[in-house]
Every structure is written in C-alpha cells, then in structure tokens.
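*Asks:* Quick one: structure below, then a few questions.
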Amino acid sequence: MYNQRSPNAVSRMLSFHVITLFPDLITTYCSVSIVSRGIQAGAIAVRTYSPRDYCADKYRKVDDTPYGGGAGMVLKPEPFYAAFESIERAPASPVILLTPQGQPFRQSVANELAKEQDITLICGHYEGFDERIRAVATMEISLGDFVMTGGELPALAVIDATGRLVPGVIGKANSLANESFVDGLLEGPQYTKPQVFRDMEVPAILLSGHHRDIERWRHQQALKRTAERRPDLLRALNLNAEDLKFLQTLDYNKEG
C-alpha cells in the first residue's frame, strides 16, 4: 500500500484501488518517479487488494476450468467480489475493468478520471474473467488492439496518465499545457543545450527571445507533426483559418 501523506499535503487526494493477483507489479512502479512524488505530496494514493487474500479455501484458488470446455483457466467471481466489497470508496466512483474488449484509453478519459475521488481498477489474468465479474464495472478500458498477459500494465498506464493531472503531482502546472493530446495535437519538437550537436542546430526562432513568435512556431510545429504522424487527430479538430493556411503549405488536406 502506498498512501503516505506529507506534512504539506494538498487539499484533495485521488485514491487508486487496484485489485490484482500481482500487487508487487503495482507497488514497485508506484515507488519511483512522478507517481511516487504525487504519493509523497498527498495528492494521490495507490492501494492494492489481492483476491487471493479473500479466498475461502486453503489453497487460495482464484481460477478454475471454464464451463463448456476450452483451454486455459477462468478467474472466479467469489474472490474478486470479496476484494471489491472490502474497498472503502466513494459511492458511484468509477470501477474500471482492464480488458482488450474495453474502450480505447485516451487523454480525454484521463482528464475526466482525474476529477474523481476514487478509482477502482480490476486487473485480469489467464484466459479472462468470469463474465459475472463485469457486473461491478462501470467502464472497461483497453490500451489498444492487442492482448497482454494481464491487466497490471494497463492499470499502471491509467494511474500514471491520470495521476499526473491531479493538482500537486506535477510541480509546474504549465508543464502540462503543451503536452501531446492536451489540445488534440501531438507535441512539437523540444530542444535544450548544447546549441549545436553533431552539426544539428537548435532552430534560430527558439533563441530569438520573441515569445509570441516562439509560441506561434511551436504551435505550427505541433500541427506539422500531427499532420505527418496522426492526421486522424486533425480531422477531429475545429482548426482556425491561420492553422488551415499553414497546413496548406504542407499539402495537407483536412478532408482527405
């Protein structure tokens, strides 16, 4: 369990409750980097619950063979329900099942989840859940069209992407403003010292000191990168006349 609160704790905490057969996978990741700093600041908490601890049999059996036959093992409902019902959480807070069948996890989903007080994440394993476990979920989330061994890595992706949006986790709030997907665009290129590295120079505009011109350049570079790599994102945006004029110089067709 990671929920240590610092003396200078922020006023609001977002608690992640993770039901997982492998709690060490969660706690190890959450003990480092920005997630750990958010925990130390009292902005987020991450608690794990192992269904094995809620098994009634001495073998702590959490899976069984599927009805109707078939390969692999299916996770039993009893220990997962018992683990879920042990959680002290805000009424009507999100309960998320991590599954390839879920909706794609996007920045907009993280933005909404960051407003919550509690989020419960249920991680699967083996051949999947007994269908009745789905009854406790309010939403299902997938990282993409591929299958993983378990739900722990997707759960950590949700914790990381959502937790960093909670006030008090990231030191400089304005550092979030220009990130990819915040305004629907991919983030443009970034540079630091040295000014010249292996004959590759920092663009002169970034050294000019003209902040308005720099912001305009950065926005156009974000447009350019998005048009090149994720044109589908541009098609979903209401671009202004200046943006469209710039994109025309790239031979980009918003309708194409």
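By order in the structure tokens, chains are A, B, ...; within a chain, residues start at 1; ligands start at 1, following the order shown.
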Fewer than 2 positions away in the same chain doesn't count, so skip those; otherwise give me all residues within 9 Å of Val74 (chain A), counting only C-alpha atoms, as a list in words.

*Replies:*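 Final neighbour list, sorted by chain and number: Val62, Asp63, Asp64, Thr65, Pro66, Gly72, Lys76, His125, Tyr126, Glu127, Gly128, Phe129 and Asp130 of chain A.
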
*Asks:* For the selection just defined, write its residues with C-alpha atoms to a file, as a PDB file, in the first residue's frame.

*Replies:*
```
ATOM      1  CA  VAL A  62      -8.653 -17.802  -7.817  1.00  0.00           C
ATOM      2  CA  ASP A  63      -9.310 -19.606 -11.107  1.00  0.00           C
ATOM      3  CA  ASP A  64     -10.972 -22.713 -12.459  1.00  0.00           C
ATOM      4  CA  THR A  65     -11.683 -24.536 -15.707  1.00  0.00           C
ATOM      5  CA  PRO A  66     -14.296 -22.971 -17.999  1.00  0.00           C
ATOM      6  CA  GLY A  72      -6.887 -22.180 -20.029  1.00  0.00           C
ATOM      7  CA  LYS A  76     -13.535 -16.999 -10.320  1.00  0.00           C
ATOM      8  CA  HIS A 125      -5.065 -12.662 -15.917  1.00  0.00           C
ATOM      9  CA  TYR A 126      -5.070 -16.098 -17.525  1.00  0.00           C
ATOM     10  CA  GLU A 127      -7.939 -16.671 -20.006  1.00  0.00           C
ATOM     11  CA  GLY A 128     -10.037 -13.850 -18.597  1.00  0.00           C
ATOM     12  CA  PHE A 129     -12.796 -13.065 -16.118  1.00  0.00           C
ATOM     13  CA  ASP A 130     -15.888 -14.991 -15.240  1.00  0.00           C
TER      14      ASP A 130
END
```

*Asks:* As a PyMOL selection string, which residues of region 26-224 of chain A does DSSP assign to strand (DSSP E or B)?

*Replies:* chain A and resi 44-49+63-64+74-75+95-104+118-123+125+129+139-142+150+196-197+200-201

*Asks:* Can you work out which one of A:Ala82, A:Leu207, A:Leu165, A:Ile87 has the shortest atom-to-atom distance to Ser108 (chain A), counting only C-alpha atoms?

*Replies:*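 Checking each of A:Ala82, A:Leu207, A:Leu165, A:Ile87 against Ser108 (chain A), counting only C-alpha atoms, the winner is A:Leu165.
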
*Asks:* Hey, could you make a per-residue contact list for region 112-156 of chain A against region 51-54 of chain A with 12 Å as the cut-off, showing the nearest pair of atoms and its distance in Å to one decimal, counting only C-alpha atoms, sorted by chain and number, as JSON lines?

*Replies:*
```
{"residue": "A:Ile122", "atom": "CA", "partner": "A:Pro51", "partner_atom": "CA", "distance": 10.2}
{"residue": "A:Cys123", "atom": "CA", "partner": "A:Pro51", "partner_atom": "CA", "distance": 10.4}
{"residue": "A:Gly124", "atom": "CA", "partner": "A:Pro51", "partner_atom": "CA", "distance": 10.8}
{"residue": "A:His125", "atom": "CA", "partner": "A:Pro51", "partner_atom": "CA", "distance": 11.9}
```

*Asks:* Any chance you could export the current selection's N, CA and C atoms as a CSV table (one decimal), in the first residue's frame?

*Replies:*
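The resulting out.csv:
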```csv
chain,number,residue,atom,x,y,z
A,122,ILE,N,-9.6,-3.1,-11.9
A,122,ILE,CA,-9.6,-4.6,-11.7
A,122,ILE,C,-8.8,-5.2,-12.8
A,123,CYS,N,-7.7,-5.9,-12.4
A,123,CYS,CA,-6.8,-6.5,-13.4
A,123,CYS,C,-7.0,-8.0,-13.6
A,124,GLY,N,-7.2,-8.4,-14.8
A,124,GLY,CA,-7.4,-9.8,-15.1
A,124,GLY,C,-6.1,-10.5,-15.4
A,125,HIS,N,-6.2,-11.8,-15.6
A,125,HIS,CA,-5.1,-12.7,-15.9
A,125,HIS,C,-5.6,-14.0,-16.5
```

*Asks:* Applying 9 Å and only C-alpha atoms, which residues near Arg218 (chain A) remain after dropping the ones on its own chain fewer than 6 positions away? List them as a list of chain:residue names.

*Replies:*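 Non-adjacent residues within range: A:Glu187, A:Gly188, A:Pro189, A:Gln190.
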
*Asks:* Hey, can you spit out that residue selection with N, CA and C atoms as a PDB file, in the first residue's frame?

*Replies:*
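Dumped to result_5.pdb:
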```pdb
ATOM      1  N   GLU A 187       2.676  16.813 -29.491  1.00  0.00           N
ATOM      2  CA  GLU A 187       3.625  17.833 -29.059  1.00  0.00           C
ATOM      3  C   GLU A 187       4.700  18.034 -30.123  1.00  0.00           C
ATOM      4  N   GLY A 188       5.091  19.278 -30.336  1.00  0.00           N
ATOM      5  CA  GLY A 188       6.144  19.590 -31.295  1.00  0.00           C
ATOM      6  C   GLY A 188       7.518  19.315 -30.729  1.00  0.00           C
ATOM      7  N   PRO A 189       8.564  19.570 -31.517  1.00  0.00           N
ATOM      8  CA  PRO A 189       9.929  19.284 -31.083  1.00  0.00           C
ATOM      9  C   PRO A 189      10.379  20.181 -29.933  1.00  0.00           C
ATOM     10  N   GLN A 190      11.229  19.644 -29.078  1.00  0.00           N
ATOM     11  CA  GLN A 190      11.812  20.366 -27.949  1.00  0.00           C
ATOM     12  C   GLN A 190      13.339  20.294 -28.044  1.00  0.00           C
TER      13      GLN A 190
END
```

*Asks:* Using only C-alpha atoms, pick whichever of A:Asp213, A:Asp57, A:Glu88, A:Glu228 has the shortest atom-to-atom distance to Leu247 (chain A).

*Replies:* A:Glu228

*Asks:* Go through region 70-115 of chain A residue by residue and, counting only C-alpha atoms, keep those with an atom at most 9 Å from region 39-49 of chain A; for each kept residue give the shortest atom pair and its distance in Å to one decimal, ordered by chain and increasing number, as CSV.

*Replies:*
```
residue,atom,partner,partner_atom,distance
A:Ala83,CA,A:Tyr49,CA,6.3
A:Phe84,CA,A:Tyr49,CA,8.1
A:Ser86,CA,A:Tyr49,CA,8.7
A:Ile87,CA,A:Tyr49,CA,8.4
```

*Asks:* Return the single residue from A:Ile119, A:Thr20, A:Ala222, A:His211 that is closest to Gly150 (chain A), with distances computed using only C-alpha atoms.

*Replies:*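 Of A:Ile119, A:Thr20, A:Ala222, A:His211, the one nearest Gly150 (chain A) is A:Thr20, counting only C-alpha atoms.
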
*Asks:* Closest to Ala135 (chain A) among A:Phe80, A:Phe105, A:Tyr191, A:Tyr29, using only C-alpha atoms?

*Replies:*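 Closest to Ala135 (chain A) of all the choices is A:Phe80.
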
*Asks:* So, counting only C-alpha atoms, which residue among A:Ala110, A:Ile19, A:Ala155, A:Leu237 is closest to Pro79 (chain A)?

*Replies:* A:Ile19

*Asks:* Which residue gives the smallest distance to Gly38 (chain A) among A:Ser15, A:Leu233, A:Val202, A:Thr226, with only C-alpha atoms counted?

*Replies:* A:Ser15

*Asks:* Go ahead and compute the interatomic distance for CA of Ile96 (chain A) and CA of Met139 (chain A), in Å to one decimal.

*Replies:*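 These two atoms are separated by 5.1 Å.
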
*Asks:* State, in Å with one decimal place, the distance from CA of Glu215 (chain A) to CA of Gly184 (chain A).

*Replies:*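 Straight-line distance from CA of Glu215 (chain A) to CA of Gly184 (chain A) works out to 16.4 Å.
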
*Asks:* Figure out the distance between CA of Glu152 (chain A) and CA of Ala92 (chain A), please, to one decimal in Å.

*Replies:*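 A separation of 23.0 Å between them.
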
*Asks:* Would you return as an mmCIF file with C-alpha atoms, in the first residue's frame the members of region 2-210 of chain A that DSSP assigns to alpha helix (DSSP H) on this structure's backbone?

*Replies:*
```cif
data_model
loop_
_atom_site.group_PDB
_atom_site.id
_atom_site.type_symbol
_atom_site.label_atom_id
_atom_site.label_comp_id
_atom_site.auth_asym_id
_atom_site.auth_seq_id
_atom_site.Cartn_x
_atom_site.Cartn_y
_atom_site.Cartn_z
ATOM 1 C CA PRO A 23 0.404 -6.412 -6.204
ATOM 2 C CA ASP A 24 4.199 -6.144 -6.367
ATOM 3 C CA LEU A 25 3.962 -5.116 -10.019
ATOM 4 C CA ILE A 26 1.882 -2.140 -8.967
ATOM 5 C CA THR A 27 3.737 -1.097 -5.815
ATOM 6 C CA THR A 28 7.190 -1.342 -7.420
ATOM 7 C CA TYR A 29 6.296 1.062 -10.215
ATOM 8 C CA SER A 33 9.332 8.811 -10.351
ATOM 9 C CA ILE A 34 6.359 11.164 -10.626
ATOM 10 C CA VAL A 35 3.798 8.720 -9.234
ATOM 11 C CA SER A 36 5.890 8.337 -6.094
ATOM 12 C CA ARG A 37 6.249 12.115 -5.783
ATOM 13 C CA GLY A 38 2.494 12.500 -6.078
ATOM 14 C CA ILE A 39 2.025 9.963 -3.292
ATOM 15 C CA GLN A 40 4.563 11.708 -1.084
ATOM 16 C CA PRO A 77 -16.067 -14.367 -9.230
ATOM 17 C CA GLU A 78 -16.072 -15.022 -5.464
ATOM 18 C CA PRO A 79 -12.580 -13.732 -4.542
ATOM 19 C CA PHE A 80 -12.866 -10.737 -6.873
ATOM 20 C CA TYR A 81 -16.221 -9.728 -5.445
ATOM 21 C CA ALA A 82 -14.892 -10.134 -1.894
ATOM 22 C CA ALA A 83 -11.845 -7.985 -2.679
ATOM 23 C CA PHE A 84 -14.017 -5.339 -4.342
ATOM 24 C CA GLU A 85 -16.511 -5.217 -1.480
ATOM 25 C CA GLN A 107 -6.220 11.643 -22.861
ATOM 26 C CA SER A 108 -9.837 12.778 -22.642
ATOM 27 C CA VAL A 109 -10.626 9.758 -20.446
ATOM 28 C CA ALA A 110 -7.666 10.541 -18.176
ATOM 29 C CA ASN A 111 -8.848 14.158 -17.911
ATOM 30 C CA GLU A 112 -12.261 13.049 -16.663
ATOM 31 C CA LEU A 113 -10.905 10.412 -14.296
ATOM 32 C CA GLU A 152 -1.391 -4.673 -14.427
ATOM 33 C CA LEU A 153 0.443 -2.694 -17.119
ATOM 34 C CA PRO A 154 -2.796 -1.125 -18.409
ATOM 35 C CA ALA A 155 -3.733 -0.278 -14.799
ATOM 36 C CA LEU A 156 -0.368 1.431 -14.320
ATOM 37 C CA ALA A 157 -0.897 3.374 -17.545
ATOM 38 C CA VAL A 158 -4.210 4.650 -16.177
ATOM 39 C CA ILE A 159 -2.623 5.517 -12.817
ATOM 40 C CA ASP A 160 0.277 7.352 -14.437
ATOM 41 C CA ALA A 161 -1.690 9.249 -17.089
ATOM 42 C CA THR A 162 -4.485 10.184 -14.680
ATOM 43 C CA GLY A 163 -2.488 10.745 -11.507
#
```
